[in-house]
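input17.txt follows; it contains compact mmCIF, C-alpha atoms and all ligand atoms.
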# COMPACT_ATOMS: atom_id res chain seq x y z
CA MET N 490 128.60 136.25 81.45
CA PRO N 491 129.25 134.65 84.83
CA GLN N 492 128.19 130.99 84.98
CA LEU N 493 126.02 129.17 87.50
CA ALA N 494 127.71 126.48 89.55
CA GLN N 495 127.75 123.00 87.96
CA ARG N 496 125.70 121.53 90.79
CA VAL N 497 122.70 123.62 89.73
CA GLY N 498 122.82 121.99 86.32
CA ARG N 499 122.73 118.59 88.02
CA ALA N 500 119.55 119.48 89.94
CA LYS N 501 116.38 118.74 88.01
CA PRO N 502 112.98 120.33 88.64
CA SER N 503 110.70 117.85 90.40
CA ALA N 504 108.57 115.83 87.93
CA ILE N 505 105.85 115.78 90.56
CA MET N 506 105.71 119.55 90.57
CA VAL N 507 105.63 119.66 86.75
CA ILE N 508 102.45 117.55 86.57
CA ALA N 509 100.90 119.35 89.56
CA GLU N 510 101.57 122.68 87.85
CA LYS N 511 99.95 121.48 84.60
CA ALA N 512 96.90 120.28 86.58
CA LYS N 513 96.68 123.67 88.27
CA GLN N 514 96.78 125.47 84.92
CA LEU N 515 94.00 123.29 83.49
CA LYS N 516 91.92 123.89 86.60
CA ALA N 517 92.43 127.65 86.32
CA ALA N 518 91.24 127.36 82.70
CA GLY N 519 87.97 125.91 83.98
CA ARG N 520 88.63 122.16 83.53
CA ASP N 521 87.28 119.69 86.08
CA ILE N 522 90.51 118.23 87.44
CA ILE N 523 90.99 115.43 89.95
CA SER N 524 94.50 115.45 91.34
CA PHE N 525 96.16 112.19 92.35
CA SER N 526 99.53 113.84 91.88
CA ILE N 527 101.11 115.35 94.95
CA GLY N 528 101.62 113.64 98.27
CA VAL N 529 100.00 116.29 100.43
CA PRO N 530 98.15 114.96 103.44
CA ASN N 531 94.98 117.06 103.25
CA PHE N 532 94.04 116.97 106.92
CA PHE N 533 94.66 119.12 109.98
CA PRO N 534 96.62 118.20 113.09
CA GLY N 535 93.96 119.19 115.63
CA GLU N 536 93.06 122.33 117.55
CA HIS N 537 95.66 121.69 120.28
CA VAL N 538 98.43 122.29 117.72
CA TYR N 539 97.02 125.65 116.65
CA ALA N 540 96.38 126.60 120.29
CA ALA N 541 100.03 125.90 121.12
CA ALA N 542 101.20 128.04 118.18
CA ARG N 543 98.87 130.90 119.21
CA GLU N 544 100.08 130.61 122.79
CA ALA N 545 103.71 130.85 121.61
CA LEU N 546 102.82 133.98 119.67
CA GLN N 547 101.70 135.65 122.89
CA HIS N 548 105.26 135.39 124.17
CA ASP N 549 108.58 136.58 122.86
CA SER N 550 108.70 133.98 120.11
CA GLY N 551 110.66 135.87 117.49
CA GLN N 552 114.17 135.08 118.68
CA TYR N 553 116.75 132.71 117.24
CA GLY N 554 116.38 129.21 118.67
CA SER N 555 118.67 126.24 119.25
CA ASN N 556 120.68 124.81 116.32
CA ARG N 557 119.71 121.26 117.29
CA GLY N 558 116.10 122.00 118.26
CA ALA N 559 114.57 123.30 121.49
CA ASP N 560 114.86 120.96 124.47
CA ALA N 561 111.06 120.77 124.77
CA LEU N 562 110.85 119.51 121.18
CA LEU N 563 113.72 117.06 121.61
CA ASP N 564 112.08 115.67 124.76
CA ALA N 565 108.69 115.32 123.04
CA PHE N 566 110.39 113.58 120.12
CA LEU N 567 112.22 111.20 122.47
CA VAL N 568 108.91 110.11 123.98
CA HIS N 569 107.44 109.76 120.48
CA ILE N 570 110.25 107.56 119.16
CA GLU N 571 110.29 105.43 122.29
CA LYS N 572 106.67 104.53 121.46
CA LEU N 573 107.89 103.59 117.96
CA GLY N 574 110.40 101.19 119.51
CA PHE N 575 113.60 103.28 119.63
CA LYS N 576 115.13 102.66 123.06
CA GLY N 577 118.07 104.30 124.79
CA TYR N 578 118.22 107.58 122.88
CA GLY N 579 118.87 110.95 124.56
CA ARG N 580 118.93 114.58 123.45
CA THR N 581 122.52 114.22 122.22
CA ASN N 582 121.32 111.67 119.65
CA LEU N 583 118.92 114.15 118.06
CA SER N 584 118.95 117.07 115.68
CA ILE N 585 116.46 119.00 113.62
CA GLY N 586 115.84 120.50 110.19
CA ILE N 587 113.33 122.38 108.06
CA GLY N 588 111.38 119.22 107.18
CA ALA N 589 112.74 115.75 106.47
CA LYS N 590 113.83 116.93 103.03
CA GLN N 591 116.33 119.42 104.48
CA VAL N 592 117.37 116.87 107.12
CA LEU N 593 118.15 114.36 104.36
CA TYR N 594 120.10 116.93 102.40
CA ASN N 595 122.05 117.78 105.56
CA LEU N 596 122.73 114.08 106.13
CA GLY N 597 124.06 113.82 102.61
CA GLU N 598 126.39 116.72 103.30
CA ALA N 599 127.44 115.23 106.61
CA LEU N 600 128.14 111.69 105.35
CA LEU N 601 129.07 111.84 101.67
CA ASN N 602 132.22 113.15 100.06
CA GLU N 603 132.15 113.91 96.36
CA GLY N 604 132.41 110.63 94.43
CA ASP N 605 131.20 108.50 97.36
CA GLU N 606 128.54 105.92 96.63
CA ILE N 607 125.02 105.98 98.06
CA ALA N 608 122.83 102.92 97.47
CA PHE N 609 119.05 102.93 97.50
CA ALA N 610 116.19 100.96 96.00
CA ALA N 611 114.04 102.02 93.05
CA PRO N 612 111.21 102.97 93.02
CA PHE N 613 112.57 105.81 95.15
CA TRP N 614 111.38 109.19 96.33
CA THR N 615 112.63 111.58 93.63
CA THR N 616 114.67 113.76 95.98
CA TYR N 617 117.09 110.90 96.83
CA ARG N 618 118.64 110.99 93.39
CA ASP N 619 118.66 114.78 93.38
CA ILE N 620 120.53 114.93 96.69
CA ALA N 621 123.14 112.51 95.33
CA ASP N 622 123.42 114.52 92.10
CA ILE N 623 123.71 117.90 93.81
CA LEU N 624 126.39 116.59 96.18
CA GLY N 625 128.31 114.87 93.39
CA ALA N 626 127.83 111.44 94.97
CA LYS N 627 127.33 108.27 92.90
CA ALA N 628 123.86 106.77 93.23
CA ASN N 629 123.75 102.97 93.00
CA ILE N 630 120.09 102.36 92.26
CA LEU N 631 118.79 98.89 93.10
CA HIS N 632 115.86 98.06 90.85
CA CYS N 633 112.92 96.41 92.58
CA GLY N 634 110.09 96.00 90.08
CA PRO N 635 106.44 95.03 90.53
CA GLU N 636 107.37 91.34 90.09
CA GLN N 637 109.12 91.54 93.50
CA ASN N 638 106.41 93.77 95.02
CA TYR N 639 108.80 96.73 94.71
CA LYS N 640 110.74 95.41 97.70
CA LEU N 641 114.49 95.07 98.11
CA THR N 642 115.66 91.50 98.67
CA PRO N 643 118.51 90.49 101.01
CA ALA N 644 120.47 89.20 97.98
CA GLN N 645 120.18 92.57 96.22
CA LEU N 646 121.24 94.38 99.37
CA ASP N 647 124.17 92.03 99.86
CA ALA N 648 125.41 92.65 96.31
CA ALA N 649 125.07 96.41 96.76
CA LEU N 650 126.83 96.53 100.13
CA ALA N 651 129.68 94.36 98.84
CA ARG N 652 130.64 97.46 96.80
CA LYS N 653 131.13 99.23 100.16
CA PRO N 654 128.90 102.25 99.59
CA LYS N 655 129.32 105.05 102.10
CA VAL N 656 125.57 105.21 102.70
CA PHE N 657 122.59 102.91 102.30
CA LEU N 658 119.34 104.88 102.23
CA PHE N 659 116.12 103.02 103.00
CA ASN N 660 112.49 104.18 102.94
CA ASN N 661 109.70 102.32 104.75
CA PRO N 662 106.72 102.74 104.21
CA SER N 663 107.62 103.69 100.67
CA ASN N 664 106.84 106.73 98.63
CA PRO N 665 105.94 106.03 95.77
CA THR N 666 104.85 102.38 96.17
CA GLY N 667 103.15 102.29 99.59
CA MET N 668 105.04 99.07 100.33
CA VAL N 669 105.75 98.19 103.95
CA TYR N 670 108.40 95.71 105.02
CA THR N 671 107.26 93.04 107.48
CA ARG N 672 109.24 92.38 110.64
CA ASP N 673 110.72 89.24 109.05
CA GLU N 674 111.76 91.15 105.94
CA ILE N 675 113.37 93.86 108.07
CA ALA N 676 115.19 91.19 110.10
CA ALA N 677 116.53 89.51 106.93
CA LEU N 678 117.83 92.85 105.58
CA ALA N 679 119.27 93.72 109.02
CA ASP N 680 121.30 90.47 108.95
CA VAL N 681 122.90 91.65 105.71
CA LEU N 682 123.51 95.17 107.06
CA ALA N 683 125.30 93.71 110.07
CA LYS N 684 127.90 92.16 107.72
CA TYR N 685 129.04 95.55 106.39
CA PRO N 686 130.17 97.79 109.26
CA ASP N 687 131.58 100.56 107.04
CA THR N 688 128.26 101.69 105.59
CA TRP N 689 126.03 104.30 107.20
CA ILE N 690 122.33 103.43 107.22
CA ILE N 691 119.67 106.13 106.82
CA THR N 692 116.06 105.06 107.34
CA ASP N 693 113.62 107.63 106.02
CA ASP N 694 110.47 106.41 107.72
CA ILE N 695 108.33 109.53 107.79
CA TYR N 696 105.18 107.50 106.95
CA ASN N 697 105.62 105.29 110.04
CA SER N 698 102.20 106.24 111.44
CA MET N 699 100.47 105.00 108.29
CA VAL N 700 100.84 101.24 108.27
CA PHE N 701 97.81 99.07 107.46
CA ASP N 702 96.67 95.47 107.92
CA GLY N 703 98.16 95.17 111.42
CA LEU N 704 101.69 94.91 109.98
CA GLY N 705 103.23 97.39 112.44
CA TYR N 706 106.20 99.65 111.83
CA HIS N 707 109.64 98.04 112.14
CA ASN N 708 113.15 99.42 111.91
CA PHE N 709 116.49 97.59 111.59
CA VAL N 710 117.57 98.69 115.08
CA HIS N 711 114.45 97.10 116.59
CA VAL N 712 115.68 93.70 115.47
CA LYS N 713 119.45 94.39 115.57
CA PRO N 714 120.26 96.96 118.26
CA GLU N 715 123.97 96.84 117.40
CA LEU N 716 123.21 98.79 114.20
CA LYS N 717 122.37 101.78 116.38
CA ASP N 718 125.84 103.32 116.17
CA ARG N 719 125.62 103.76 112.38
CA LEU N 720 121.88 104.08 111.73
CA ILE N 721 120.06 107.39 111.42
CA PHE N 722 116.27 107.42 111.73
CA VAL N 723 114.52 110.31 109.95
CA ASP N 724 111.05 111.50 110.94
CA SER N 725 108.86 114.53 110.28
CA VAL N 726 105.57 116.10 111.33
CA SER N 727 104.52 116.48 107.67
CA LYS N 728 102.70 113.22 107.01
CA THR N 729 101.91 111.93 110.51
CA TYR N 730 100.15 115.09 111.64
CA GLY N 731 99.14 116.66 108.33
CA MET N 732 101.64 119.50 108.88
CA PRO N 733 103.73 119.60 105.67
CA GLY N 734 103.91 123.39 105.57
CA TRP N 735 105.16 123.73 109.14
CA ARG N 736 108.50 122.26 108.05
CA VAL N 737 109.82 120.22 110.94
CA GLY N 738 111.99 117.14 110.46
CA LEU N 739 114.12 115.35 113.02
CA ILE N 740 116.77 112.66 113.23
CA ALA N 741 117.71 110.17 115.90
CA GLY N 742 121.14 108.62 115.45
CA PRO N 743 124.71 108.38 116.67
CA GLU N 744 125.97 111.40 118.61
CA ASN N 745 128.64 112.33 116.07
CA VAL N 746 126.06 112.46 113.27
CA ALA N 747 123.58 114.48 115.37
CA LYS N 748 126.39 116.89 116.22
CA ALA N 749 127.38 117.22 112.56
CA ILE N 750 123.80 118.05 111.57
CA THR N 751 123.62 120.63 114.35
CA THR N 752 126.87 122.21 113.13
CA LEU N 753 125.52 122.35 109.56
CA ASN N 754 122.32 123.89 110.94
CA SER N 755 124.34 126.59 112.63
CA ASN N 756 125.57 127.55 109.16
CA HIS N 757 122.48 126.82 107.04
CA ILE N 758 119.29 127.56 108.95
CA THR N 759 120.21 128.53 112.56
CA SER N 760 116.97 127.13 113.94
CA VAL N 761 113.38 126.10 113.39
CA PRO N 762 111.08 129.04 114.30
CA GLU N 763 109.78 129.06 117.86
CA VAL N 764 106.09 129.17 116.92
CA VAL N 765 106.62 126.14 114.70
CA THR N 766 108.53 124.41 117.49
CA ALA N 767 105.60 124.94 119.88
CA ALA N 768 103.21 123.45 117.29
CA ALA N 769 105.47 120.42 116.78
CA VAL N 770 105.77 119.82 120.54
CA ALA N 771 101.96 119.85 120.79
CA ALA N 772 101.67 117.45 117.83
CA PHE N 773 104.12 114.91 119.28
CA SER N 774 102.90 115.09 122.87
CA GLY N 775 99.17 115.78 122.39
CA PRO N 776 96.34 113.37 121.58
CA GLN N 777 97.18 110.98 118.76
CA ASP N 778 93.63 110.47 117.53
CA VAL N 779 94.16 112.36 114.24
CA PRO N 780 96.99 110.14 112.92
CA GLN N 781 95.13 107.04 114.11
CA ALA N 782 91.90 108.07 112.37
CA LYS N 783 93.79 109.03 109.21
CA CYS N 784 95.58 105.70 109.09
CA LYS N 785 92.20 103.92 109.16
CA GLU N 786 90.80 106.25 106.51
CA PHE N 787 93.77 105.72 104.19
CA ALA N 788 93.54 101.94 104.60
CA GLY N 789 89.91 102.13 103.42
CA LYS N 790 90.83 104.36 100.48
CA ARG N 791 93.65 101.97 99.57
CA ASP N 792 91.09 99.20 99.14
CA VAL N 793 88.97 101.34 96.82
CA VAL N 794 92.02 102.28 94.72
CA VAL N 795 93.47 98.78 94.47
CA ASN N 796 90.12 97.21 93.60
CA ALA N 797 89.48 99.74 90.84
CA LEU N 798 92.97 99.32 89.37
CA ARG N 799 92.87 95.53 89.48
CA ALA N 800 89.58 95.61 87.55
CA ILE N 801 91.48 97.01 84.54
CA PRO N 802 92.71 94.18 82.28
CA GLY N 803 96.52 94.00 82.23
CA VAL N 804 97.15 96.48 85.05
CA VAL N 805 99.20 95.02 87.90
CA CYS N 806 98.99 96.67 91.30
CA PRO N 807 100.97 95.16 94.17
CA THR N 808 99.04 95.82 97.39
CA PRO N 809 100.28 98.94 99.17
CA GLN N 810 100.18 98.50 102.95
CA GLY N 811 101.09 101.99 104.08
CA ALA N 812 101.47 105.69 103.27
CA PHE N 813 98.89 106.98 100.79
CA TYR N 814 100.17 105.88 97.41
CA ALA N 815 99.46 103.16 94.89
CA PHE N 816 101.93 102.38 92.11
CA PRO N 817 100.26 100.32 89.38
CA ASP N 818 102.19 98.88 86.45
CA ILE N 819 100.43 100.48 83.48
CA SER N 820 102.78 99.23 80.76
CA VAL N 821 99.90 97.32 79.12
CA ALA N 822 98.92 100.72 77.65
CA PHE N 823 102.26 101.34 75.95
CA GLY N 824 102.15 101.12 72.17
CA LYS N 825 98.41 101.90 72.12
CA SER N 826 96.55 105.10 71.26
CA HIS N 827 93.88 107.22 72.92
CA ASN N 828 91.73 109.22 70.47
CA GLY N 829 94.63 109.33 68.06
CA THR N 830 97.24 110.21 70.70
CA ARG N 831 99.94 107.57 70.74
CA ILE N 832 101.19 106.38 74.12
CA GLU N 833 104.76 105.14 74.06
CA ASN N 834 105.60 105.41 77.74
CA ASP N 835 104.55 106.51 81.23
CA VAL N 836 105.10 110.21 80.50
CA ASP N 837 102.85 110.03 77.40
CA PHE N 838 100.30 108.08 79.41
CA CYS N 839 100.07 110.60 82.26
CA ALA N 840 99.97 113.55 79.84
CA ALA N 841 97.16 111.97 77.77
CA LEU N 842 95.21 110.94 80.89
CA LEU N 843 95.37 114.48 82.25
CA GLU N 844 94.40 116.01 78.92
CA ALA N 845 91.59 113.59 78.10
CA LYS N 846 90.11 112.87 81.53
CA GLY N 847 91.41 115.60 83.81
CA VAL N 848 93.11 113.14 86.17
CA ALA N 849 96.64 113.99 87.30
CA CYS N 850 99.02 111.13 88.19
CA VAL N 851 102.84 111.15 88.24
CA PRO N 852 104.85 109.11 85.69
CA GLY N 853 106.77 106.29 87.34
CA SER N 854 110.02 107.24 85.59
CA ALA N 855 110.27 110.16 88.06
CA PHE N 856 110.74 107.46 90.70
CA GLY N 857 113.00 105.20 88.64
CA GLU N 858 110.26 102.80 87.39
CA PRO N 859 109.03 103.73 83.90
CA ARG N 860 106.47 100.90 83.75
CA ALA N 861 104.30 102.48 86.45
CA MET N 862 102.57 105.64 87.60
CA ARG N 863 101.97 106.98 91.09
CA ILE N 864 98.50 107.60 92.44
CA SER N 865 98.38 109.67 95.61
CA TYR N 866 94.98 109.10 97.21
CA THR N 867 94.86 111.97 99.68
CA CYS N 868 92.11 113.74 97.71
CA PRO N 869 88.67 114.15 99.29
CA THR N 870 86.90 110.75 99.43
CA ALA N 871 84.12 112.05 97.16
CA GLN N 872 86.65 112.50 94.32
CA LEU N 873 88.26 109.10 94.65
CA GLN N 874 85.73 106.85 92.89
CA PRO N 875 85.03 109.34 90.06
CA GLY N 876 88.79 109.75 89.48
CA LEU N 877 89.30 106.00 89.34
CA GLU N 878 86.35 105.58 86.98
CA ARG N 879 87.94 108.10 84.65
CA ILE N 880 91.16 106.06 84.67
CA GLN N 881 89.15 102.90 83.93
CA ALA N 882 87.34 104.67 81.07
CA PHE N 883 90.66 105.91 79.66
CA PHE N 884 92.02 102.35 79.55
CA ALA N 885 88.79 101.06 77.99
CA GLU N 886 89.11 103.64 75.21
CA LEU N 887 92.66 102.65 74.23
CA THR N 888 93.04 101.17 70.76
N1 LIG R 1 110.81 111.43 102.59
C1 LIG R 1 109.80 110.94 101.86
C2 LIG R 1 109.80 109.49 101.52
C3 LIG R 1 108.76 111.79 101.43
O1 LIG R 1 107.75 111.29 100.71
C4 LIG R 1 108.82 113.17 101.76
C5 LIG R 1 107.76 114.16 101.35
N2 LIG R 1 107.08 113.90 100.20
C6 LIG R 1 109.90 113.62 102.54
C7 LIG R 1 110.89 112.74 102.93
C8 LIG R 1 110.03 115.06 102.93
O2 LIG R 1 109.17 115.40 103.94
P1 LIG R 1 109.17 116.81 104.66
O3 LIG R 1 107.85 117.45 104.32
O4 LIG R 1 109.29 116.53 106.11
O5 LIG R 1 110.31 117.59 104.12

Take the structure in this file and express it as structure tokens.
Ligand code: PMP
Amino acid sequence: MPQLAQRVGRAKPSAIMVIAEKAKQLKAAGRDIISFSIGVPNFFPGEHVYAAAREALQHDSGQYGSNRGADALLDAFLVHIEKLGFKGYGRTNLSIGIGAKQVLYNLGEALLNEGDEIAFAAPFWTTYRDIADILGAKANILHCGPEQNYKLTPAQLDAALARKPKVFLFNNPSNPTGMVYTRDEIAALADVLAKYPDTWIITDDIYNSMVFDGLGYHNFVHVKPELKDRLIFVDSVSKTYGMPGWRVGLIAGPENVAKAITTLNSNHITSVPEVVTAAAVAAFSGPQDVPQAKCKEFAGKRDVVVNALRAIPGVVCPTPQGAFYAFPDISVAFGKSHNGTRIENDVDFCAALLEAKGVACVPGSAFGEPRAMRISYTCPTAQLQPGLERIQAFFAELT
């Protein structure tokens, strides 16, 4: 029999999808399921986006497009990132992909040789480790537990960069923790980054529109512009505009990196479809009331989630200040039982919670932190409190 390539064996099915699939099955079997599992923003971008897509359909929109993205989209993105604080970028600094996920994979291909090191903090978005594994790169995972609010410290970064990794990958606001770095924290990390000129910096900041408590969104280049020639900013329409299925991600970075991504695109994807491009242009350049309203709504939901979790004895929940996730430390439940089912770890916990109470959460080990679980609070507001009450009841029933 012919064999599959080794890299396929290194790729693992997403743990998030596994739990979401199980929740779906239970729902199909008639169970009342509340899903806190997948990070899907369940809102719509606004009529102007659909109008732009319909308008594009009226024209000859079925042709191949540009490998780096249509000029109209690049120009709309330039205006968008300027508002985020990125100054002095032009079209030649940009390129595109089928969502941030494909952009990140492309960046891995563009920057990492087999055996190269890529450093990133845990808890991390699951795909980071998978990209490293598929590409045969070495992941240096920097553990940042709840006792340090899941945030990377300058000392940890310094120790990691002293090993001269090829790439440092950073995510702010964070999936899965919802943590947001303050301007001072970003400045302190940027000071360390400036000491190590041989490391590329990728900032995956696709939740930049969802920052609460007046903290603002900050990037290393905002405080240290000289990092611009080795920093790549990754953005997407998925979370900001509630458009995950449209699949548009973009980068802004040094020209040689943008060019490399465009060359890879010419071999991998050719282009983002024209109808999708028209929708993305409308999202970036149209009214921004949807992301603003959603940010407010998520901040309110965050309060409800954190208050409910903190009311459970022994559960520790650092305050998320962005995105739409909470990441409580649930290890107080380990070693206990629920109706005779023993809970040894986060995977047992999430399986028992789903079975007993119909609430789907993702085990923290999927994100490199086995003491925790991820709650994604994008569900309809009416389901939030009942879901949290079920989690509280589950804890209360542990023996
Ligand atoms: N980065 C992070 C941190 C994410 O959470 C996600 C989506 N869950 C992505 C990238 C990928 O986003 P996209 O839909 O644009 O591929």

For chain N versus ligand LIG 1 (chain R), which residues have an atom no more than 8 Å away, and what is each residue's nearest atom pair and distance in Å rounded to one decimal, using all atoms listed in the file, chain-then-number order, as a Markdown table?
| residue | atom | partner | partner_atom | distance |
| --- | --- | --- | --- | --- |
| N:Gly528 | CA | R:LIG1 | N2 | 5.8 |
| N:Val529 | CA | R:LIG1 | N2 | 7.5 |
| N:Ile587 | CA | R:LIG1 | O5 | 6.9 |
| N:Gly588 | CA | R:LIG1 | O4 | 3.6 |
| N:Ala589 | CA | R:LIG1 | O4 | 3.6 |
| N:Lys590 | CA | R:LIG1 | O5 | 3.7 |
| N:Gln591 | CA | R:LIG1 | O5 | 6.3 |
| N:Val592 | CA | R:LIG1 | O5 | 7.7 |
| N:Leu593 | CA | R:LIG1 | C7 | 7.6 |
| N:Phe613 | CA | R:LIG1 | C2 | 7.9 |
| N:Trp614 | CA | R:LIG1 | C2 | 5.4 |
| N:Thr616 | CA | R:LIG1 | C7 | 8.0 |
| N:Asn660 | CA | R:LIG1 | C2 | 6.1 |
| N:Asn661 | CA | R:LIG1 | C2 | 7.9 |
| N:Pro662 | CA | R:LIG1 | C2 | 7.9 |
| N:Ser663 | CA | R:LIG1 | C2 | 6.3 |
| N:Asn664 | CA | R:LIG1 | C2 | 5.0 |
| N:Pro665 | CA | R:LIG1 | O1 | 7.4 |
| N:Asp693 | CA | R:LIG1 | N1 | 5.8 |
| N:Asp694 | CA | R:LIG1 | C2 | 7.0 |
| N:Ile695 | CA | R:LIG1 | N1 | 6.1 |
| N:Tyr696 | CA | R:LIG1 | C2 | 7.4 |
| N:Asp724 | CA | R:LIG1 | O4 | 7.2 |
| N:Ser725 | CA | R:LIG1 | O4 | 4.6 |
| N:Val726 | CA | R:LIG1 | O4 | 6.4 |
| N:Ser727 | CA | R:LIG1 | O3 | 4.8 |
| N:Lys728 | CA | R:LIG1 | O3 | 7.2 |
| N:Met732 | CA | R:LIG1 | O3 | 8.0 |
| N:Pro733 | CA | R:LIG1 | O3 | 4.8 |
| N:Gly734 | CA | R:LIG1 | O3 | 7.2 |
| N:Arg736 | CA | R:LIG1 | O4 | 6.1 |
| N:Val737 | CA | R:LIG1 | O4 | 6.1 |
| N:Gly738 | CA | R:LIG1 | O4 | 5.2 |

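You will find atom CA of N:Ala845 at 12.8 Å from atom CA of N:Ala885.
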
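Compared by their closest atoms to N:Asp549, and using only C-alpha atoms, the residues N:Val764, N:Ala610, N:Ile523, N:Leu887 rank with N:Val764 nearest.
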
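Going from atom CA of N:Gly604 over to atom CA of N:Ala626, you cover 4.7 Å.
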
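If only C-alpha atoms are the atoms counted, then among N:Pro502, N:Gly554, N:Pro530, N:Gly535 the closest residue to N:Pro776 is N:Gly535.
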
Next on the checklist: Using all atoms listed in the file, which protein or nucleic acid residues come within 10 Å of stretch 632-644 of chain N? Drop anything in the same chain fewer than 6 positions from it, and give the result as number ranges by chain.
Outcome noted: N: 609-613, 650, 659, 661, 663, 665-670, 674-682, 805-809, 816-818, 857-861

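Atom CA of N:Gly705 to atom CA of N:Ala788 spans 13.3 Å [interatomic distance, one decimal].
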
Next on the checklist: Under the rule that only C-alpha atoms are counted, which of N:Gly742, N:Pro852, N:Gly824, N:Pro802 is the nearest residue to N:Ala840?
Outcome noted: N:Pro852

What box, with edges along x, y and z, holds each listed atom of stretch 782-786 of chain N when 8 Å is added on every side, and can you state its centre and edge lengths in Å to one decimal, as lines of an AutoDock Vina configuration file?
center_x = 93.2
center_y = 106.5
center_z = 109.4
size_x = 20.8
size_y = 21.1
size_z = 21.9

Item to check | Closest of N:Gln874, N:Thr830, N:Asp835, N:Val761 to N:Glu886 - atom-to-atom distances counting all atoms listed in the file | outcome: N:Thr830

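Between N:Val746 and the candidates N:Thr688, N:Thr870, N:Ser826, N:Ser584, the tightest atom-to-atom separation, counting all atoms listed in the file, involves N:Ser584.
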
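If you measure from each of N:Arg557, N:His707, N:Arg580, N:Arg652 to N:Ala749 using all atoms listed in the file, the closest one turns out to be N:Arg557.
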
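Using all atoms listed in the file, every residue with an atom at most 10 Å from the point (90.8, 106.6, 80.5) is listed here: His827, Phe838, Ala841, Leu842, Leu843, Ala845, Lys846, Gly847, Val848, Gly876, Leu877, Glu878, Arg879, Ile880, Gln881, Ala882, Phe883, Phe884, Ala885, Glu886 and Leu887 of chain N.
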
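Neighbours of N:Ala504 closer than or equal to 9 Å, with all atoms listed in the file counted and sequence neighbours fewer than 4 positions away skipped, come out as Ile508, Ala509, Thr615, Val851, Pro852 and Ala855 of chain N.
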
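Near (95.9, 95.1, 80.9), the residues inside the 9 Å limit, counting only C-alpha atoms, come to N:Ile801, N:Pro802, N:Gly803, N:Val804, N:Val805, N:Ile819, N:Ser820, N:Val821, N:Ala822, N:Phe884.
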